[in-house]
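A.B. asks: Please see the structure below; I have some questions.
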There are 2 protein chains.
Amino acid sequence: VGAVVLDVSVSLDGFATGPDARPGVPLGDGGVRLHEWMFADSGQRARREGAADIDQAVVAELFATTGAVVMGRRMFDLGVAEWGGTPFPVPCFVVTHHGREDLVTDNGTFHFFTDGAASALARARAAAGDKNVLVHSPNIARQLLRAGLVDEIHLHLVPILLGGGGRLFDGTEMAGLRFEPVALKQSARVAHLRYRVRPGPSAEGAD
Amino acid sequence: VGAVVLDVSVSLDGFATGPDARPGVPLGDGGVRLHEWMFADSGQRARREGAADIDQAVVAELFATTGAVVMGRRMFDLGVAEWGGTPFPVPCFVVTHHGREDLVTDNGTFHFFTDGAASALARARAAAGDKNVLVHSPNIARQLLRAGLVDEIHLHLVPILLGGGGRLFDGTEMAGLRFEPVALKQSARVAHLRYRVRPGPSAEGAD
């Protein structure tokens, strides 16, 4: 059975988006630099050094293992314009306050749920079958992490400093989680780190 | 010739110390967990898994390659009580506002400099010879990074969340630096990441 995976690129100073995210600049100032490693045509120098092979293998595995996506409404609003459809060719489950009809695109279908992240996740798991559910919005990811519903975090640590923006981890409410390193790969540009998420001692104590 | 190295353990949420650092709790709440990987006797389970071999090799290399240490006055005040001497058996150069006589310990000698971090670093480089100068205080490290005087950053990424404390990177003043990954090792507990520090495009543009 598949895992629930948070897959996110972060800067060396811990930001998943750059400062001042706004319409037209959805990832904030400099935020697109977090995702350049995903695009084969973006790093001539890195490709010469063989880095693109590792990075492209990571991207290919992400596409091959993802069976459904969960995201928030804000990501949907920003993303549809950006991607022209679903970010992966699989069903996408959008957590929103305002229900609407399914949106069918060339790439896949968006489904909208108004009863919370856990409920959207349950539907996504059913749709994903043996594949993984990818959690695609940091704020949805934080809700699911707090609820103990995320199995793995795949961090792509990009060696840049953004100096501000949206942090993946913010505040103390997740301090009880335990992260077990399960794998790591380094290209010439990015460290790809994987952790299994477990309730830690303090979280167990709180139950 | 040796390099100027910032060697620091950070949590997954980017903190080099935990929240509420205070006398008696110099690393803040939970901050000691950042350094447990350095002590061979702290991880029975990790040792069974062979992790301690990697972690202990990293520590051994740190001791073997360090020829001098630069630190701030606050680290000195906290550290002398903690270490009972210099943190490494090499000369230590303390950046302070209040000059004082050299302090000789069983481990090494502390020298005090009132004319700034760059000046203390120059003395440390001379003392280190072919070995590295270790920058041991995050605030001194930030000053030297901004001045372009740090050659490498060795990050030990510990998969815990501290939820607050002192950040290694804070603010935008270092956004122009470029970090080139040079090596990485993963134990069962910690990802050891090394970056060469270069002035980036924006820093070059500003000169």
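The chains in the structure tokens are called A, B, ... from first to last as shown; in each chain the residues are counted from 1, and the ligands are counted from 1 in the order shown.
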Can you write out as JSON lines which residues of range 123-179 of chain B fall within 6 Å of range 154-166 of chain A, alongside each residue's closest atom pair and its distance in Å to one decimal, counting only C-alpha atoms and ordering rows by chain and ascending residue number?
C.D. replies:
{"residue": "B:Gly171", "atom": "CA", "partner": "A:Gly163", "partner_atom": "CA", "distance": 4.8}
{"residue": "B:Thr172", "atom": "CA", "partner": "A:Gly163", "partner_atom": "CA", "distance": 4.2}
{"residue": "B:Ala175", "atom": "CA", "partner": "A:Leu161", "partner_atom": "CA", "distance": 5.1}
{"residue": "B:Phe179", "atom": "CA", "partner": "A:Pro159", "partner_atom": "CA", "distance": 5.5}
A.B. asks: Let's have the selection written as an mmCIF file, in the first residue's frame, with N, CA and C atoms.
C.D. replies:
data_model
loop_
_atom_site.group_PDB
_atom_site.id
_atom_site.type_symbol
_atom_site.label_atom_id
_atom_site.label_comp_id
_atom_site.auth_asym_id
_atom_site.auth_seq_id
_atom_site.Cartn_x
_atom_site.Cartn_y
_atom_site.Cartn_z
ATOM 1 N N GLY B 171 17.645 36.557 8.243
ATOM 2 C CA GLY B 171 17.631 37.811 7.520
ATOM 3 C C GLY B 171 18.194 37.663 6.124
ATOM 4 N N THR B 172 18.298 38.791 5.453
ATOM 5 C CA THR B 172 18.579 38.772 4.024
ATOM 6 C C THR B 172 20.015 39.147 3.685
ATOM 7 N N ALA B 175 22.053 36.852 1.376
ATOM 8 C CA ALA B 175 21.372 36.231 0.241
ATOM 9 C C ALA B 175 22.257 36.159 -0.995
ATOM 10 N N PHE B 179 26.521 28.648 -2.389
ATOM 11 C CA PHE B 179 27.021 27.472 -1.682
ATOM 12 C C PHE B 179 27.145 26.326 -2.666
#
A.B. asks: Residues of chain A that have any atom at most 9 Å from an atom of chain B: could you tabulate them with the shortest-distance atom pair and the distance in Å to one decimal, using only C-alpha atoms, ordered by chain and increasing number, as JSON lines?
C.D. replies:
{"residue": "A:Leu12", "atom": "CA", "partner": "B:Phe169", "partner_atom": "CA", "distance": 8.2}
{"residue": "A:Asp13", "atom": "CA", "partner": "B:Phe169", "partner_atom": "CA", "distance": 5.7}
{"residue": "A:Gly14", "atom": "CA", "partner": "B:Gly14", "partner_atom": "CA", "distance": 6.1}
{"residue": "A:Pro159", "atom": "CA", "partner": "B:Phe179", "partner_atom": "CA", "distance": 5.5}
{"residue": "A:Ile160", "atom": "CA", "partner": "B:Arg178", "partner_atom": "CA", "distance": 6.6}
{"residue": "A:Leu161", "atom": "CA", "partner": "B:Ala175", "partner_atom": "CA", "distance": 5.1}
{"residue": "A:Leu162", "atom": "CA", "partner": "B:Ala175", "partner_atom": "CA", "distance": 6.1}
{"residue": "A:Gly163", "atom": "CA", "partner": "B:Thr172", "partner_atom": "CA", "distance": 4.2}
{"residue": "A:Gly164", "atom": "CA", "partner": "B:Gly171", "partner_atom": "CA", "distance": 6.7}
{"residue": "A:Arg167", "atom": "CA", "partner": "B:Asp13", "partner_atom": "CA", "distance": 8.4}
{"residue": "A:Leu168", "atom": "CA", "partner": "B:Asp13", "partner_atom": "CA", "distance": 7.8}
{"residue": "A:Phe169", "atom": "CA", "partner": "B:Asp13", "partner_atom": "CA", "distance": 5.7}
{"residue": "A:Asp170", "atom": "CA", "partner": "B:Gly163", "partner_atom": "CA", "distance": 6.6}
{"residue": "A:Gly171", "atom": "CA", "partner": "B:Gly163", "partner_atom": "CA", "distance": 4.8}
{"residue": "A:Thr172", "atom": "CA", "partner": "B:Gly163", "partner_atom": "CA", "distance": 4.1}
{"residue": "A:Glu173", "atom": "CA", "partner": "B:Gly163", "partner_atom": "CA", "distance": 7.6}
{"residue": "A:Met174", "atom": "CA", "partner": "B:Leu161", "partner_atom": "CA", "distance": 7.1}
{"residue": "A:Ala175", "atom": "CA", "partner": "B:Leu161", "partner_atom": "CA", "distance": 5.1}
{"residue": "A:Gly176", "atom": "CA", "partner": "B:Leu161", "partner_atom": "CA", "distance": 7.9}
{"residue": "A:Leu177", "atom": "CA", "partner": "B:Leu161", "partner_atom": "CA", "distance": 7.6}
{"residue": "A:Arg178", "atom": "CA", "partner": "B:Ile160", "partner_atom": "CA", "distance": 6.6}
{"residue": "A:Phe179", "atom": "CA", "partner": "B:Pro159", "partner_atom": "CA", "distance": 5.5}
{"residue": "A:Glu180", "atom": "CA", "partner": "B:Pro159", "partner_atom": "CA", "distance": 7.2}
{"residue": "A:Pro181", "atom": "CA", "partner": "B:Ala188", "partner_atom": "CA", "distance": 6.2}
{"residue": "A:Val182", "atom": "CA", "partner": "B:Ala188", "partner_atom": "CA", "distance": 7.8}
{"residue": "A:Ala183", "atom": "CA", "partner": "B:Gln186", "partner_atom": "CA", "distance": 8.2}
{"residue": "A:Leu184", "atom": "CA", "partner": "B:Gln186", "partner_atom": "CA", "distance": 7.1}
{"residue": "A:Lys185", "atom": "CA", "partner": "B:Leu184", "partner_atom": "CA", "distance": 8.6}
{"residue": "A:Gln186", "atom": "CA", "partner": "B:Leu184", "partner_atom": "CA", "distance": 7.1}
{"residue": "A:Ser187", "atom": "CA", "partner": "B:Pro181", "partner_atom": "CA", "distance": 8.2}
{"residue": "A:Ala188", "atom": "CA", "partner": "B:Pro181", "partner_atom": "CA", "distance": 6.2}
{"residue": "A:Arg189", "atom": "CA", "partner": "B:Pro181", "partner_atom": "CA", "distance": 6.5}
{"residue": "A:Val190", "atom": "CA", "partner": "B:Pro181", "partner_atom": "CA", "distance": 7.6}
{"residue": "A:Ala191", "atom": "CA", "partner": "B:Leu184", "partner_atom": "CA", "distance": 8.3}
{"residue": "A:Leu193", "atom": "CA", "partner": "B:Ala191", "partner_atom": "CA", "distance": 8.4}
{"residue": "A:Tyr195", "atom": "CA", "partner": "B:Pro159", "partner_atom": "CA", "distance": 8.1}
A.B. asks: Using the selection just defined, write its residues with N, CA, C and O atoms as a CSV table (one decimal), in the first residue's frame.
C.D. replies:
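part-v9.csv, written as the output of this step:
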chain,number,residue,atom,x,y,z
A,12,LEU,N,18.5,26.6,2.2
A,12,LEU,CA,19.4,26.3,3.3
A,12,LEU,C,18.9,27.0,4.5
A,12,LEU,O,19.2,26.6,5.7
A,13,ASP,N,18.2,28.1,4.4
A,13,ASP,CA,17.6,28.8,5.6
A,13,ASP,C,16.2,28.5,5.8
A,13,ASP,O,15.5,29.2,6.6
A,14,GLY,N,15.7,27.4,5.2
A,14,GLY,CA,14.5,26.8,5.7
A,14,GLY,C,13.2,27.3,5.0
A,14,GLY,O,12.1,27.0,5.6
A,159,PRO,N,20.9,24.6,-1.9
A,159,PRO,CA,21.9,25.5,-1.2
A,159,PRO,C,21.8,26.9,-1.6
A,159,PRO,O,22.8,27.5,-2.2
A,160,ILE,N,20.7,27.6,-1.3
A,160,ILE,CA,20.5,29.0,-1.5
A,160,ILE,C,19.9,29.6,-0.2
A,160,ILE,O,19.3,28.8,0.6
A,161,LEU,N,20.1,30.9,-0.1
A,161,LEU,CA,19.5,31.6,1.1
A,161,LEU,C,18.4,32.5,0.5
A,161,LEU,O,18.7,33.3,-0.4
A,162,LEU,N,17.2,32.4,1.0
A,162,LEU,CA,16.1,33.2,0.5
A,162,LEU,C,15.9,34.4,1.4
A,162,LEU,O,15.3,35.4,1.0
A,163,GLY,N,16.2,34.3,2.7
A,163,GLY,CA,16.2,35.4,3.6
A,163,GLY,C,14.8,35.7,4.1
A,163,GLY,O,14.6,36.6,5.0
A,164,GLY,N,13.8,35.0,3.7
A,164,GLY,CA,12.4,35.3,4.1
A,164,GLY,C,11.5,34.4,3.3
A,164,GLY,O,11.9,33.8,2.3
A,167,ARG,N,7.9,29.2,5.8
A,167,ARG,CA,8.7,28.1,6.3
A,167,ARG,C,7.9,26.9,6.3
A,167,ARG,O,6.7,26.8,6.5
A,168,LEU,N,8.6,25.7,6.0
A,168,LEU,CA,8.0,24.4,6.1
A,168,LEU,C,7.6,24.1,7.5
A,168,LEU,O,6.4,23.8,7.8
A,169,PHE,N,8.5,24.3,8.4
A,169,PHE,CA,8.2,24.1,9.8
A,169,PHE,C,8.2,25.4,10.6
A,169,PHE,O,9.2,26.2,10.5
A,170,ASP,N,7.1,25.7,11.3
A,170,ASP,CA,7.1,26.9,12.0
A,170,ASP,C,6.3,26.7,13.3
A,170,ASP,O,5.2,26.1,13.3
A,171,GLY,N,7.0,27.1,14.4
A,171,GLY,CA,6.3,27.0,15.7
A,171,GLY,C,6.6,25.7,16.3
A,171,GLY,O,7.4,24.9,15.8
A,172,THR,N,6.0,25.4,17.4
A,172,THR,CA,6.4,24.3,18.3
A,172,THR,C,5.4,23.1,18.2
A,172,THR,O,5.7,22.1,18.8
A,173,GLU,N,4.3,23.3,17.5
A,173,GLU,CA,3.3,22.3,17.6
A,173,GLU,C,3.7,20.9,17.1
A,173,GLU,O,3.0,19.9,17.4
A,174,MET,N,4.8,20.8,16.3
A,174,MET,CA,5.2,19.5,15.8
A,174,MET,C,6.4,19.0,16.5
A,174,MET,O,7.0,18.0,16.0
A,175,ALA,N,6.9,19.6,17.6
A,175,ALA,CA,8.1,19.3,18.2
A,175,ALA,C,8.1,17.8,18.7
A,175,ALA,O,9.2,17.2,18.9
A,176,GLY,N,7.0,17.2,18.8
A,176,GLY,CA,6.9,15.8,19.3
A,176,GLY,C,7.2,14.8,18.2
A,176,GLY,O,7.3,13.6,18.5
A,177,LEU,N,7.2,15.2,17.0
A,177,LEU,CA,7.4,14.2,15.9
A,177,LEU,C,8.9,13.7,15.9
A,177,LEU,O,9.8,14.5,16.2
A,178,ARG,N,9.1,12.5,15.4
A,178,ARG,CA,10.4,11.9,15.3
A,178,ARG,C,10.6,11.6,13.8
A,178,ARG,O,9.7,11.1,13.1
A,179,PHE,N,11.8,12.0,13.3
A,179,PHE,CA,12.1,11.8,11.9
A,179,PHE,C,13.3,10.8,11.8
A,179,PHE,O,14.3,11.0,12.4
A,180,GLU,N,13.0,9.7,11.1
A,180,GLU,CA,14.1,8.7,10.9
A,180,GLU,C,14.6,8.8,9.5
A,180,GLU,O,13.9,8.6,8.5
A,181,PRO,N,15.9,9.1,9.4
A,181,PRO,CA,16.5,9.2,8.0
A,181,PRO,C,16.4,7.8,7.3
A,181,PRO,O,16.7,6.8,8.0
A,182,VAL,N,15.9,7.8,6.1
A,182,VAL,CA,15.8,6.5,5.4
A,182,VAL,C,16.7,6.5,4.1
A,182,VAL,O,17.1,5.4,3.7
A,183,ALA,N,17.0,7.6,3.6
A,183,ALA,CA,17.8,7.6,2.4
A,183,ALA,C,18.3,9.0,2.1
A,183,ALA,O,17.7,10.0,2.5
A,184,LEU,N,19.4,9.1,1.3
A,184,LEU,CA,19.8,10.4,0.9
A,184,LEU,C,20.7,10.3,-0.4
A,184,LEU,O,21.3,9.3,-0.6
A,185,LYS,N,20.5,11.3,-1.2
A,185,LYS,CA,21.3,11.3,-2.4
A,185,LYS,C,21.7,12.8,-2.6
A,185,LYS,O,20.9,13.7,-2.3
A,186,GLN,N,22.9,12.9,-3.2
A,186,GLN,CA,23.3,14.3,-3.4
A,186,GLN,C,23.7,14.5,-4.9
A,186,GLN,O,24.5,13.7,-5.4
A,187,SER,N,23.1,15.4,-5.5
A,187,SER,CA,23.6,15.8,-6.8
A,187,SER,C,24.6,16.9,-6.7
A,187,SER,O,24.9,17.3,-5.5
A,188,ALA,N,25.1,17.5,-7.7
A,188,ALA,CA,26.0,18.6,-7.6
A,188,ALA,C,25.3,19.9,-7.1
A,188,ALA,O,25.9,20.8,-6.8
A,189,ARG,N,24.0,19.8,-7.1
A,189,ARG,CA,23.2,21.0,-6.7
A,189,ARG,C,22.4,20.8,-5.5
A,189,ARG,O,22.2,21.7,-4.7
A,190,VAL,N,21.8,19.6,-5.3
A,190,VAL,CA,20.8,19.5,-4.3
A,190,VAL,C,21.0,18.2,-3.4
A,190,VAL,O,21.3,17.1,-4.0
A,191,ALA,N,20.7,18.3,-2.1
A,191,ALA,CA,20.7,17.1,-1.3
A,191,ALA,C,19.3,16.6,-1.1
A,191,ALA,O,18.4,17.3,-0.7
A,193,LEU,N,16.9,14.3,0.7
A,193,LEU,CA,16.8,13.6,2.0
A,193,LEU,C,15.4,13.1,2.3
A,193,LEU,O,14.4,13.7,2.0
A,195,TYR,N,12.9,11.1,5.1
A,195,TYR,CA,12.7,10.8,6.5
A,195,TYR,C,11.3,10.1,6.7
A,195,TYR,O,10.3,10.5,6.1
A.B. asks: For His97 in chain B, list every protein, DNA or RNA residue within 12 Å, evaluated using only C-alpha atoms, and leave out those in the same chain fewer than 6 positions away; present the list as a PyMOL selection string.
C.D. replies: chain B and resi 72-74+112-117
A.B. asks: Extract the full set of strand (DSSP E or B) residues from range 82-113 of chain A according to DSSP on the backbone, and format it as a list in words.
C.D. replies: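 Here is the list: Cys92, Phe93, Val94, Val95, Leu103, Val104, Thr109, Phe110, His111, Phe112 and Phe113 of chain A.
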A.B. asks: Which is closest to Leu62 in chain A among A:Phe76, A:Leu134, A:Thr109, A:Ala3, if we use only C-alpha atoms?
C.D. replies: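 Nearest to Leu62 in chain A: A:Leu134.
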